[in-house]
>>> print(open('start-v5.cif').read())   # mmCIF, C-alpha atoms and all ligand atoms
data_final
loop_
_atom_site.label_atom_id
_atom_site.label_comp_id
_atom_site.auth_asym_id
_atom_site.auth_seq_id
_atom_site.Cartn_x
_atom_site.Cartn_y
_atom_site.Cartn_z
CA MET K 1 -30.56 -6.03 -11.65
CA ASN K 2 -33.34 -3.90 -10.23
CA ASN K 3 -34.04 -3.17 -6.57
CA GLN K 4 -36.80 -5.78 -6.23
CA GLN K 5 -34.59 -8.52 -7.65
CA LEU K 6 -31.82 -7.60 -5.22
CA VAL K 7 -34.18 -7.53 -2.22
CA ALA K 8 -35.50 -10.94 -3.29
CA LEU K 9 -31.94 -12.32 -3.37
CA ALA K 10 -31.28 -10.99 0.15
CA GLN K 11 -34.47 -12.73 1.30
CA LYS K 12 -33.54 -15.98 -0.42
CA TYR K 13 -29.88 -16.18 0.65
CA GLY K 14 -29.82 -14.08 3.82
CA ASP K 15 -27.76 -11.01 4.63
CA PRO K 16 -25.21 -9.60 4.38
CA LEU K 17 -24.78 -10.85 0.84
CA TYR K 18 -22.45 -10.20 -2.07
CA VAL K 19 -24.23 -10.31 -5.43
CA TYR K 20 -22.42 -10.29 -8.79
CA ASP K 21 -23.98 -9.66 -12.18
CA ALA K 22 -21.96 -11.85 -14.54
CA ASN K 23 -23.50 -10.24 -17.62
CA LYS K 24 -22.09 -6.90 -16.49
CA ILE K 25 -18.63 -8.50 -16.36
CA GLU K 26 -19.14 -9.70 -19.95
CA GLU K 27 -20.18 -6.21 -20.98
CA GLN K 28 -17.06 -4.63 -19.47
CA TYR K 29 -14.81 -7.28 -21.02
CA ASN K 30 -16.30 -6.72 -24.46
CA ARG K 31 -16.02 -2.98 -24.06
CA MET K 32 -12.31 -3.28 -23.44
CA ALA K 33 -11.79 -5.80 -26.25
CA ASN K 34 -13.63 -3.50 -28.67
CA ALA K 35 -11.63 -0.44 -27.60
CA PHE K 36 -8.42 -2.16 -28.72
CA SER K 37 -9.88 -4.11 -31.66
CA THR K 38 -7.43 -2.67 -34.20
CA VAL K 39 -4.53 -4.38 -32.44
CA ASN K 40 -3.78 -7.74 -34.12
CA LYS K 41 -2.83 -9.58 -30.97
CA LEU K 42 -4.67 -8.42 -27.86
CA LYS K 43 -4.78 -10.28 -24.57
CA ILE K 44 -6.85 -9.27 -21.57
CA ASN K 45 -5.60 -10.88 -18.37
CA TYR K 46 -8.07 -10.48 -15.54
CA ALA K 47 -6.32 -9.54 -12.25
CA VAL K 48 -7.51 -12.34 -9.97
CA LYS K 49 -6.85 -10.44 -6.76
CA ALA K 50 -9.83 -8.16 -7.44
CA ASN K 51 -12.25 -11.06 -6.97
CA SER K 52 -10.99 -14.61 -6.85
CA ASN K 53 -14.19 -16.62 -6.71
CA ILE K 54 -13.67 -19.55 -9.10
CA ASN K 55 -17.03 -18.93 -10.76
CA ILE K 56 -16.06 -15.35 -11.60
CA LEU K 57 -12.87 -16.79 -13.10
CA LYS K 58 -14.96 -19.23 -15.13
CA VAL K 59 -17.10 -16.40 -16.53
CA LEU K 60 -13.91 -14.67 -17.67
CA LYS K 61 -12.48 -17.86 -19.11
CA LYS K 62 -15.60 -18.26 -21.22
CA LEU K 63 -14.90 -14.83 -22.67
CA ASN K 64 -11.39 -15.94 -23.67
CA SER K 65 -9.70 -13.91 -20.97
CA GLY K 66 -6.34 -14.82 -19.50
CA VAL K 67 -5.50 -14.19 -15.84
CA ASP K 68 -2.94 -12.20 -13.94
CA CYS K 69 -1.95 -13.77 -10.63
CA VAL K 70 0.12 -12.30 -7.80
CA SER K 71 0.46 -15.39 -5.63
CA ILE K 72 0.93 -19.10 -6.28
CA GLN K 73 -2.46 -19.64 -4.64
CA GLU K 74 -4.12 -17.45 -7.27
CA VAL K 75 -2.32 -19.49 -9.93
CA LYS K 76 -3.81 -22.65 -8.41
CA LEU K 77 -7.28 -21.10 -8.29
CA ALA K 78 -6.99 -20.23 -11.98
CA ILE K 79 -5.96 -23.81 -12.80
CA GLU K 80 -8.93 -24.99 -10.73
CA ALA K 81 -11.17 -22.72 -12.82
CA GLY K 82 -9.90 -24.46 -15.96
CA PHE K 83 -7.39 -21.94 -17.30
CA ASN K 84 -4.65 -23.32 -19.50
CA VAL K 85 -1.21 -22.50 -18.03
CA LYS K 86 -0.32 -20.56 -21.17
CA ASP K 87 -3.05 -18.09 -20.23
CA ILE K 88 -1.82 -17.65 -16.67
CA PHE K 89 0.58 -14.80 -16.02
CA PHE K 90 2.36 -14.64 -12.69
CA THR K 91 3.29 -11.09 -11.62
CA PRO K 92 4.31 -11.24 -7.98
CA SER K 93 6.44 -8.85 -5.99
CA GLY K 94 8.94 -9.74 -3.33
CA ILE K 95 8.01 -13.43 -3.03
CA SER K 96 10.32 -16.27 -2.03
CA PHE K 97 12.38 -18.03 -4.68
CA GLU K 98 10.68 -21.24 -3.66
CA GLU K 99 7.29 -19.82 -4.68
CA MET K 100 8.84 -18.77 -7.99
CA GLU K 101 10.04 -22.35 -8.49
CA GLN K 102 6.52 -23.67 -7.94
CA ALA K 103 5.30 -21.35 -10.68
CA VAL K 104 8.09 -22.60 -12.98
CA ASN K 105 7.01 -26.17 -12.31
CA LEU K 106 3.41 -25.36 -13.15
CA GLY K 107 4.56 -23.80 -16.43
CA VAL K 108 3.03 -20.33 -16.18
CA GLN K 109 4.46 -17.12 -17.65
CA ILE K 110 6.58 -15.41 -15.00
CA THR K 111 7.29 -11.71 -14.55
CA LEU K 112 10.32 -10.75 -12.46
CA ASP K 113 10.68 -7.44 -10.69
CA SER K 114 14.13 -7.24 -9.13
CA LEU K 115 17.70 -7.56 -10.38
CA SER K 116 18.86 -10.04 -7.75
CA ILE K 117 15.99 -12.42 -8.51
CA LEU K 118 16.60 -12.01 -12.24
CA GLU K 119 20.18 -13.12 -11.73
CA LYS K 120 19.21 -16.05 -9.53
CA PHE K 121 16.49 -17.07 -11.96
CA GLY K 122 18.80 -16.75 -14.96
CA ASN K 123 21.41 -18.96 -13.35
CA LYS K 124 18.92 -21.66 -12.44
CA TYR K 125 16.52 -21.53 -15.42
CA PRO K 126 18.41 -20.02 -18.37
CA THR K 127 16.02 -21.63 -20.87
CA ILE K 128 12.77 -20.29 -19.42
CA PRO K 129 11.81 -16.96 -21.00
CA VAL K 130 10.65 -14.31 -18.53
CA CYS K 131 8.95 -10.96 -18.59
CA LEU K 132 10.37 -7.93 -16.76
CA ARG K 133 8.38 -5.53 -14.69
CA ILE K 134 9.74 -2.05 -15.25
CA ASN K 135 9.21 0.94 -13.01
CA PRO K 136 8.79 3.88 -15.41
CA HIS K 137 8.85 6.39 -12.54
CA VAL K 138 5.72 8.25 -13.41
CA MET K 139 3.18 9.36 -10.87
CA ALA K 140 -0.27 7.94 -11.43
CA GLY K 141 -2.94 6.59 -9.21
CA GLY K 142 -5.82 7.83 -7.15
CA ASN K 143 -4.40 7.26 -3.67
CA HIS K 144 -0.85 7.17 -2.35
CA LYS K 145 -1.40 3.64 -1.04
CA ILE K 146 -2.20 2.30 -4.50
CA SER K 147 0.03 4.41 -6.71
CA VAL K 148 2.83 2.02 -7.52
CA GLY K 149 4.76 3.48 -10.49
CA HIS K 150 6.49 6.42 -8.85
CA ILE K 151 10.21 6.65 -8.10
CA ASP K 152 10.08 5.35 -4.55
CA SER K 153 7.66 2.53 -5.26
CA LYS K 154 8.79 -0.99 -4.32
CA PHE K 155 7.50 -2.36 -7.63
CA GLY K 156 9.44 -3.11 -10.77
CA ILE K 157 13.02 -2.71 -11.87
CA SER K 158 13.97 0.93 -12.33
CA ILE K 159 14.41 2.03 -15.93
CA TYR K 160 17.73 3.42 -14.69
CA GLN K 161 18.92 -0.15 -14.13
CA ILE K 162 18.51 -1.29 -17.72
CA GLU K 163 22.27 -1.85 -18.15
CA GLY K 164 22.21 -4.13 -15.12
CA ILE K 165 19.44 -6.17 -16.74
CA LYS K 166 21.38 -6.46 -19.99
CA ASP K 167 24.49 -7.65 -18.15
CA ILE K 168 22.51 -10.41 -16.45
CA VAL K 169 20.90 -11.43 -19.73
CA LYS K 170 24.31 -11.65 -21.38
CA GLU K 171 25.86 -13.65 -18.52
CA THR K 172 23.03 -16.14 -18.10
CA GLY K 173 21.62 -16.43 -21.62
CA LEU K 174 18.15 -15.71 -20.27
CA VAL K 175 15.52 -14.69 -22.82
CA ILE K 176 13.34 -11.67 -22.03
CA ASN K 177 10.03 -12.28 -23.82
CA GLY K 178 7.94 -9.46 -22.37
CA ILE K 179 8.07 -6.03 -20.78
CA HIS K 180 5.53 -5.08 -18.17
CA MET K 181 4.48 -2.06 -16.20
CA HIS K 182 1.66 -1.41 -13.79
CA THR K 183 1.60 2.17 -12.69
CA GLY K 184 -1.16 1.87 -10.13
CA SER K 185 -4.86 1.97 -9.75
CA ASP K 186 -7.11 4.76 -10.95
CA ILE K 187 -5.55 6.11 -14.11
CA TYR K 188 -7.68 8.77 -15.67
CA ASN K 189 -4.99 10.92 -17.19
CA ILE K 190 -4.46 9.49 -20.67
CA ASP K 191 -1.45 11.74 -21.27
CA ALA K 192 0.34 10.42 -18.19
CA PHE K 193 -0.37 6.88 -19.35
CA LEU K 194 0.94 7.60 -22.83
CA HIS K 195 4.05 9.13 -21.31
CA ALA K 196 4.67 5.93 -19.36
CA THR K 197 3.94 3.97 -22.54
CA GLU K 198 6.80 5.68 -24.38
CA ILE K 199 9.16 4.71 -21.58
CA LEU K 200 7.90 1.14 -21.76
CA LEU K 201 8.33 0.97 -25.54
CA ASN K 202 11.84 2.40 -25.27
CA THR K 203 12.64 -0.45 -22.92
CA VAL K 204 11.23 -2.96 -25.42
CA LYS K 205 13.69 -1.62 -27.99
CA GLU K 206 16.58 -2.60 -25.72
CA PHE K 207 15.83 -6.29 -26.40
CA ASP K 208 15.23 -8.12 -29.66
CA THR K 209 13.40 -11.09 -28.14
CA ILE K 210 10.20 -9.40 -26.97
CA GLU K 211 6.88 -11.07 -27.82
CA PHE K 212 4.46 -9.11 -25.65
CA VAL K 213 4.09 -5.75 -23.97
CA ASP K 214 2.03 -5.71 -20.80
CA PHE K 215 0.52 -2.33 -19.97
CA GLY K 216 -0.79 -3.40 -16.59
CA SER K 217 -3.94 -1.74 -15.45
CA GLY K 218 -5.34 1.13 -13.45
CA PHE K 219 -8.48 1.75 -15.47
CA LYS K 220 -10.67 3.91 -13.32
CA VAL K 221 -14.33 3.19 -12.85
CA PRO K 222 -16.83 5.75 -11.53
CA TYR K 223 -17.76 5.18 -7.90
CA LYS K 224 -20.05 8.16 -7.59
CA GLU K 225 -22.05 10.30 -9.92
CA GLY K 226 -19.84 12.74 -11.74
CA ASP K 227 -16.66 10.72 -11.04
CA ILE K 228 -14.01 10.74 -13.72
CA GLU K 229 -13.79 7.46 -15.58
CA THR K 230 -10.99 6.30 -17.83
CA ASN K 231 -12.27 7.00 -21.31
CA ILE K 232 -11.36 3.57 -22.57
CA GLU K 233 -12.71 4.13 -26.08
CA GLU K 234 -10.57 7.25 -26.56
CA MET K 235 -7.56 5.63 -24.95
CA GLY K 236 -8.12 2.56 -27.14
CA ILE K 237 -7.82 4.55 -30.35
CA THR K 238 -4.73 6.53 -29.31
CA LEU K 239 -2.85 3.68 -27.69
CA SER K 240 -3.71 1.13 -30.40
CA ASN K 241 -2.41 3.46 -33.11
CA ARG K 242 0.81 4.04 -31.22
CA PHE K 243 1.22 0.32 -30.55
CA ASN K 244 0.58 -0.71 -34.16
CA GLU K 245 3.09 1.88 -35.35
CA PHE K 246 5.62 0.60 -32.81
CA CYS K 247 5.17 -3.03 -33.95
CA LYS K 248 6.12 -2.00 -37.49
CA GLU K 249 9.17 -0.20 -36.19
CA TYR K 250 10.13 -3.18 -34.03
CA GLY K 251 9.53 -5.55 -36.95
CA ARG K 252 7.24 -7.99 -35.17
CA ASP K 253 3.54 -8.28 -34.30
CA LEU K 254 3.76 -7.99 -30.54
CA THR K 255 0.92 -8.99 -28.24
CA MET K 256 -0.66 -6.13 -26.33
CA ILE K 257 -1.66 -7.16 -22.82
CA PHE K 258 -3.79 -5.49 -20.17
CA GLU K 259 -4.43 -6.71 -16.64
CA PRO K 260 -7.66 -5.11 -15.50
CA GLY K 261 -9.23 -6.09 -12.21
CA LYS K 262 -11.47 -3.26 -11.10
CA PHE K 263 -12.62 -2.35 -14.61
CA LEU K 264 -14.00 -5.82 -15.25
CA VAL K 265 -15.68 -6.68 -11.95
CA SER K 266 -16.19 -3.62 -9.75
CA SER K 267 -19.51 -2.37 -11.08
CA ALA K 268 -20.85 -5.94 -11.36
CA GLY K 269 -20.88 -6.35 -7.57
CA SER K 270 -23.18 -5.19 -4.78
CA LEU K 271 -23.01 -5.76 -1.05
CA LEU K 272 -26.50 -6.07 0.43
CA VAL K 273 -26.73 -5.28 4.14
CA LYS K 274 -29.62 -5.12 6.58
CA VAL K 275 -30.33 -2.13 8.83
CA ASN K 276 -30.04 -3.19 12.48
CA VAL K 277 -30.59 0.20 14.01
CA VAL K 278 -31.57 3.76 13.14
CA LYS K 279 -29.96 5.95 15.78
CA PRO K 280 -30.55 9.69 15.88
CA THR K 281 -27.94 11.68 17.83
CA PRO K 282 -27.79 15.47 18.28
CA ASN K 283 -26.02 16.05 14.97
CA ILE K 284 -26.08 12.84 12.99
CA VAL K 285 -28.57 10.07 12.30
CA PHE K 286 -26.58 6.85 12.27
CA ILE K 287 -27.69 3.80 10.32
CA GLY K 288 -26.11 0.68 11.82
CA VAL K 289 -25.98 -2.27 9.42
CA ASP K 290 -25.15 -5.97 9.80
CA SER K 291 -21.74 -5.64 8.15
CA GLY K 292 -18.58 -3.64 8.50
CA LEU K 293 -14.96 -3.15 7.49
CA ASN K 294 -14.54 -6.90 7.94
CA HIS K 295 -16.65 -7.37 4.78
CA LEU K 296 -15.81 -4.23 2.85
CA LEU K 297 -12.56 -2.53 3.82
CA ARG K 298 -12.20 0.01 1.01
CA PRO K 299 -14.01 2.94 2.66
CA MET K 300 -11.88 2.64 5.81
CA MET K 301 -8.60 1.71 4.11
CA TYR K 302 -8.62 3.98 1.07
CA ASP K 303 -11.32 6.51 1.95
CA ALA K 304 -13.12 4.99 -1.02
CA TYR K 305 -16.59 6.26 -1.82
CA HIS K 306 -19.19 3.54 -2.37
CA HIS K 307 -22.63 4.69 -3.38
CA ILE K 308 -25.34 3.45 -1.00
CA THR K 309 -29.04 3.17 -1.76
CA ASN K 310 -32.07 1.95 0.17
CA ILE K 311 -33.44 -0.80 -2.05
CA SER K 312 -36.28 -1.62 0.37
CA ASN K 313 -37.68 1.92 0.10
CA PRO K 314 -36.22 3.49 -3.04
CA GLU K 315 -38.95 6.10 -3.50
CA GLY K 316 -39.05 7.62 0.03
CA THR K 317 -38.07 11.13 1.10
CA GLU K 318 -34.30 11.63 1.01
CA LYS K 319 -32.68 12.15 4.39
CA ILE K 320 -29.10 12.61 5.54
CA TYR K 321 -27.41 9.69 7.28
CA ASP K 322 -24.09 8.22 8.31
CA ILE K 323 -24.00 4.51 7.43
CA VAL K 324 -21.86 2.62 9.90
CA GLY K 325 -20.78 -0.96 10.42
CA TYR K 326 -20.87 -3.11 13.56
CA ILE K 327 -17.11 -3.44 14.00
CA CYS K 328 -15.71 -1.92 17.17
CA GLU K 329 -13.75 0.78 15.42
CA ASN K 330 -14.84 3.99 13.81
CA ASP K 331 -16.35 1.75 11.15
CA THR K 332 -18.01 3.91 8.49
CA PHE K 333 -19.31 3.02 5.02
CA GLY K 334 -20.46 6.54 4.19
CA SER K 335 -20.92 9.90 5.92
CA ASN K 336 -23.41 12.62 5.26
CA ARG K 337 -25.28 10.60 2.64
CA SER K 338 -28.62 11.52 1.20
CA ILE K 339 -30.63 8.30 1.14
CA SER K 340 -34.29 7.49 0.75
CA GLU K 341 -35.79 7.29 4.26
CA VAL K 342 -34.40 4.30 6.15
CA SER K 343 -36.24 2.08 8.66
CA GLU K 344 -34.88 -0.79 10.72
CA ASN K 345 -34.77 -4.07 8.72
CA ASP K 346 -34.49 -2.29 5.37
CA ILE K 347 -31.94 -3.69 2.94
CA LEU K 348 -29.30 -1.23 1.73
CA CYS K 349 -27.22 -1.77 -1.37
CA ILE K 350 -23.56 -0.79 -1.31
CA HIS K 351 -22.63 -0.40 -4.96
CA ASN K 352 -19.42 -1.13 -6.86
CA ALA K 353 -18.52 -3.96 -4.52
CA GLY K 354 -17.28 -6.44 -7.11
CA ALA K 355 -13.56 -5.62 -6.83
CA TYR K 356 -11.31 -5.65 -3.75
CA SER K 357 -14.34 -6.27 -1.62
CA PHE K 358 -14.97 -9.91 -0.75
CA SER K 359 -11.34 -10.62 -1.67
CA MET K 360 -10.22 -8.34 1.18
CA ALA K 361 -12.80 -9.59 3.70
CA SER K 362 -11.72 -10.96 7.06
CA ASN K 363 -13.09 -12.52 10.23
CA TYR K 364 -12.28 -9.49 12.38
CA ASN K 365 -14.47 -9.34 15.51
CA SER K 366 -14.99 -13.08 14.88
CA ARG K 367 -17.67 -12.38 12.30
CA TYR K 368 -18.46 -14.75 9.47
CA ARG K 369 -17.67 -13.75 5.94
CA PRO K 370 -20.82 -13.36 3.82
CA ALA K 371 -22.21 -15.63 1.13
CA GLU K 372 -21.68 -14.78 -2.54
CA VAL K 373 -24.30 -15.12 -5.27
CA MET K 374 -23.79 -14.79 -9.02
CA VAL K 375 -26.60 -13.90 -11.41
CA TYR K 376 -26.00 -15.05 -14.97
CA ASN K 377 -28.52 -14.85 -17.81
CA GLY K 378 -31.39 -14.40 -15.37
CA GLU K 379 -30.51 -17.30 -13.05
CA ASP K 380 -29.05 -16.86 -9.57
CA TYR K 381 -26.42 -19.23 -8.20
CA LEU K 382 -24.91 -19.52 -4.74
CA ILE K 383 -21.16 -19.39 -5.42
CA ARG K 384 -19.87 -19.28 -1.85
CA LYS K 385 -21.57 -20.40 1.33
CA ARG K 386 -21.83 -18.12 4.29
CA GLU K 387 -19.30 -19.06 6.95
CA ASN K 388 -20.33 -20.61 10.25
CA PHE K 389 -18.84 -21.16 13.70
CA ASP K 390 -16.89 -24.23 12.55
CA ASP K 391 -15.05 -22.04 10.03
CA LEU K 392 -13.90 -19.79 12.87
CA ILE K 393 -12.43 -22.56 14.98
CA LYS K 394 -11.41 -25.24 12.48
CA ASN K 395 -7.72 -24.23 12.46
CA GLN K 396 -7.42 -23.28 16.08
CA VAL K 397 -5.49 -25.86 18.08
CA ILE K 398 -7.00 -26.09 21.52
CA ILE K 399 -4.42 -26.97 24.17
CA ASP K 400 -5.21 -28.36 27.58
CA LEU K 401 -4.12 -25.89 30.26
CA GLU K 402 -5.34 -27.95 33.24
C1 LIG K 501 -3.66 -5.10 -8.81
C2 LIG K 501 -3.00 -5.32 -10.09
C3 LIG K 501 -3.72 -5.18 -11.29
C4 LIG K 501 -5.18 -4.75 -11.35
O1 LIG K 501 -5.39 -3.42 -11.05
P1 LIG K 501 -6.86 -2.77 -11.18
O2 LIG K 501 -6.72 -1.39 -10.70
O3 LIG K 501 -7.80 -3.57 -10.35
O4 LIG K 501 -7.27 -2.86 -12.59
C5 LIG K 501 -3.06 -5.46 -12.46
N1 LIG K 501 -1.76 -5.85 -12.46
C6 LIG K 501 -1.04 -5.99 -11.33
C7 LIG K 501 0.37 -6.44 -11.41
C8 LIG K 501 -1.64 -5.73 -10.12
O5 LIG K 501 -0.91 -5.87 -8.99
#
>>> encode(input="start-v5.cif", output="structure tokens")
Amino acid sequence: MNNQQLVALAQKYGDPLYVYDANKIEEQYNRMANAFSTVNKLKINYAVKANSNINILKVLKKLNSGVDCVSIQEVKLAIEAGFNVKDIFFTPSGISFEEMEQAVNLGVQITLDSLSILEKFGNKYPTIPVCLRINPHVMAGGNHKISVGHIDSKFGISIYQIEGIKDIVKETGLVINGIHMHTGSDIYNIDAFLHATEILLNTVKEFDTIEFVDFGSGFKVPYKEGDIETNIEEMGITLSNRFNEFCKEYGRDLTMIFEPGKFLVSSAGSLLVKVNVVKPTPNIVFIGVDSGLNHLLRPMMYDAYHHITNISNPEGTEKIYDIVGYICENDTFGSNRSISEVSENDILCIHNAGAYSFSMASNYNSRYRPAEVMVYNGEDYLIRKRENFDDLIKNQVIIDLE
């Protein structure tokens, strides 16, 4: 979408506004599918937590994607979007057994990630095959808060506990149908990923009932110019060859699964914000916009860089600004940015806001969450209404203190 189209959408639907380009999601999906096209059985399970709007899920369903869900609510959203339960994979961590039982009743594929739950599950549901999340203990990931495959991570069953798993399987008769790992977001080191892959495949060899191997995700997308990106085409060739060779060795055509969130939807999204104030101070010119960490938390939570452009005045002289939100904290979207000259009421575009953006939004400072619009084959659709005051108070129970 070009700048004029985006400005027109902000005028039509108001601001701040999330806009998603569904055709970009298709492009990313096809890129991934093509990268692994030599694998006989490939399954791409979109990680719902990245962006859980039902219409985004429907776009992915149309592409033949499955989904990866981390809560029973995400499972229900996927069912609402029309996914067949056989295409819904449930990969939670540390949830209650009762939530696990709900997933069993819905009939989705379950991944377990602790020994005690495995034992409990095996005793109660010995005939329901489950997948195991393994912690391969490799360091990967762009930020310590999102690197989840290292030795002290809470995720997965340690590869050092494999004997414990086998004991439980023997005692309960449980069938392990898949092995899973997810080493964390932002993998750009193919060698580290292949190292973890070998550990995963060694674990597969410990069981003779495996049907699929789930490699998780962590495909990095570029947030700023010059950023490293996972070279998915190169990784596709190397990993597919290794996987195909392993299937022969194992004696069965296993399904290769990935669970990308960010890779599929991040670059498809933009957050459009309006400039409320241009505020020069002795050292910094601040640009105050009608949004904040309540709508896009990543810069404040992960120090994430999101590229910001002035789509109302794209051809002006570049100046240096700090772009800040209206939340009463040190609420900053970007510091020391070179942006085409900004005036009050201009619309700025915060790029790469398709993943972990709206899905992490809140009502902090009692602000409304923005509307969401999807553009698909040249048509724009409102896919979530802007909140209003009723949304803020509808669940508050007002007591009479008189
Ligand atoms: C978050 C998550 C993903 C998606 O990670 P991305 O970095 O967005 O691709 C995949 N699998 C599991 C289990 C996750 O928790």
>>> residues_near_ligand(input="start-v5.cif", ligand="ligand LIG 501 (chain K)", cutoff="10 Å", atoms="all atoms listed in the file", output="MDAnalysis selection string")
chainID K and resid 45:51 67:70 89:93 111 133 141:142 146:148 155:156 180:187 214:221 258:266 355:356
>>> closest_residue(input="start-v5.cif", among="K:Arg384, K:Ile190, K:Lys166, K:Glu379", to="Glu229 of chain K", atoms="all atoms listed in the file")
K:Ile190
>>> residues_around(input="start-v5.cif", residues="segment 117-120 of chain K", least_positions_apart="5", cutoff="9 Å", atoms="all atoms listed in the file", output="ChimeraX atom specification")
/K:97,112,125,130,132,165,168-169,171-172,174
>>> write_last_selection(input="start-v5.cif", atoms="C-alpha atoms", output="mmCIF file, in the coordinates of the input")
data_model
loop_
_atom_site.group_PDB
_atom_site.id
_atom_site.type_symbol
_atom_site.label_atom_id
_atom_site.label_comp_id
_atom_site.auth_asym_id
_atom_site.auth_seq_id
_atom_site.Cartn_x
_atom_site.Cartn_y
_atom_site.Cartn_z
ATOM 1 C CA PHE K 97 12.380 -18.030 -4.680
ATOM 2 C CA LEU K 112 10.320 -10.750 -12.460
ATOM 3 C CA TYR K 125 16.520 -21.530 -15.420
ATOM 4 C CA VAL K 130 10.650 -14.310 -18.530
ATOM 5 C CA LEU K 132 10.370 -7.930 -16.760
ATOM 6 C CA ILE K 165 19.440 -6.170 -16.740
ATOM 7 C CA ILE K 168 22.510 -10.410 -16.450
ATOM 8 C CA VAL K 169 20.900 -11.430 -19.730
ATOM 9 C CA GLU K 171 25.860 -13.650 -18.520
ATOM 10 C CA THR K 172 23.030 -16.140 -18.100
ATOM 11 C CA LEU K 174 18.150 -15.710 -20.270
#
>>> residues_around(input="start-v5.cif", residues="Tyr376 of chain K", least_positions_apart="6", cutoff="10 Å", atoms="all atoms listed in the file", output="number ranges by chain")
K: 20-25, 59
>>> write_last_selection(input="start-v5.cif", atoms="C-alpha atoms", output="short mmCIF file (atom, residue, chain, number, x, y, z; two decimals), in the frame of the given file")
data_model
loop_
_atom_site.label_atom_id
_atom_site.label_comp_id
_atom_site.auth_asym_id
_atom_site.auth_seq_id
_atom_site.Cartn_x
_atom_site.Cartn_y
_atom_site.Cartn_z
CA TYR K 20 -22.42 -10.29 -8.79
CA ASP K 21 -23.98 -9.66 -12.18
CA ALA K 22 -21.96 -11.85 -14.54
CA ASN K 23 -23.50 -10.24 -17.62
CA LYS K 24 -22.09 -6.90 -16.49
CA ILE K 25 -18.63 -8.50 -16.36
CA VAL K 59 -17.10 -16.40 -16.53
#
>>> residues_around(input="start-v5.cif", residues="Leu9 of chain K", least_positions_apart="2", cutoff="10 Å", atoms="only C-alpha atoms", output="list in words")
Asn3, Gln4, Gln5, Leu6, Val7, Gln11, Lys12, Tyr13, Gly14, Asp15, Leu17, Tyr18, Val19, Leu272, Val373, Val375 and Asp380 of chain K
>>> decode(input="start-v5.cif", residues="segment 295-305 of chain K", atoms="N, CA, C and O atoms", output="PDB file, in the first residue's frame")
ATOM      1  N   HIS K 295      -1.060   0.831  22.843  1.00  0.00           N
ATOM      2  CA  HIS K 295      -1.411   0.273  21.529  1.00  0.00           C
ATOM      3  C   HIS K 295      -0.288  -0.538  20.915  1.00  0.00           C
ATOM      4  O   HIS K 295      -0.532  -1.466  20.146  1.00  0.00           O
ATOM      5  N   LEU K 296       0.937  -0.147  21.202  1.00  0.00           N
ATOM      6  CA  LEU K 296       2.100  -0.841  20.640  1.00  0.00           C
ATOM      7  C   LEU K 296       3.180  -0.871  21.720  1.00  0.00           C
ATOM      8  O   LEU K 296       3.867   0.120  21.955  1.00  0.00           O
ATOM      9  N   LEU K 297       3.316  -2.023  22.346  1.00  0.00           N
ATOM     10  CA  LEU K 297       4.171  -2.159  23.528  1.00  0.00           C
ATOM     11  C   LEU K 297       5.617  -2.517  23.190  1.00  0.00           C
ATOM     12  O   LEU K 297       6.521  -2.314  23.985  1.00  0.00           O
ATOM     13  N   ARG K 298       5.830  -3.054  21.993  1.00  0.00           N
ATOM     14  CA  ARG K 298       7.141  -3.643  21.676  1.00  0.00           C
ATOM     15  C   ARG K 298       8.334  -2.693  21.879  1.00  0.00           C
ATOM     16  O   ARG K 298       9.352  -3.117  22.426  1.00  0.00           O
ATOM     17  N   PRO K 299       8.236  -1.432  21.469  1.00  0.00           N
ATOM     18  CA  PRO K 299       9.408  -0.567  21.692  1.00  0.00           C
ATOM     19  C   PRO K 299       9.752  -0.443  23.176  1.00  0.00           C
ATOM     20  O   PRO K 299      10.925  -0.487  23.546  1.00  0.00           O
ATOM     21  N   MET K 300       8.743  -0.314  24.024  1.00  0.00           N
ATOM     22  CA  MET K 300       9.002  -0.136  25.454  1.00  0.00           C
ATOM     23  C   MET K 300       9.358  -1.458  26.131  1.00  0.00           C
ATOM     24  O   MET K 300      10.177  -1.503  27.033  1.00  0.00           O
ATOM     25  N   MET K 301       8.734  -2.554  25.698  1.00  0.00           N
ATOM     26  CA  MET K 301       8.951  -3.831  26.381  1.00  0.00           C
ATOM     27  C   MET K 301      10.211  -4.545  25.932  1.00  0.00           C
ATOM     28  O   MET K 301      10.926  -5.132  26.733  1.00  0.00           O
ATOM     29  N   TYR K 302      10.478  -4.505  24.630  1.00  0.00           N
ATOM     30  CA  TYR K 302      11.628  -5.256  24.097  1.00  0.00           C
ATOM     31  C   TYR K 302      12.703  -4.352  23.498  1.00  0.00           C
ATOM     32  O   TYR K 302      13.596  -4.854  22.815  1.00  0.00           O
ATOM     33  N   ASP K 303      12.579  -3.055  23.667  1.00  0.00           N
ATOM     34  CA  ASP K 303      13.467  -2.129  22.951  1.00  0.00           C
ATOM     35  C   ASP K 303      13.405  -2.376  21.445  1.00  0.00           C
ATOM     36  O   ASP K 303      14.411  -2.238  20.739  1.00  0.00           O
ATOM     37  N   ALA K 304      12.260  -2.785  20.966  1.00  0.00           N
ATOM     38  CA  ALA K 304      12.135  -3.112  19.538  1.00  0.00           C
ATOM     39  C   ALA K 304      12.181  -1.840  18.698  1.00  0.00           C
ATOM     40  O   ALA K 304      11.614  -0.814  19.069  1.00  0.00           O
ATOM     41  N   TYR K 305      12.855  -1.933  17.573  1.00  0.00           N
ATOM     42  CA  TYR K 305      12.883  -0.821  16.630  1.00  0.00           C
ATOM     43  C   TYR K 305      11.715  -0.990  15.659  1.00  0.00           C
ATOM     44  O   TYR K 305      11.562  -2.041  15.038  1.00  0.00           O
TER      45      TYR K 305
END
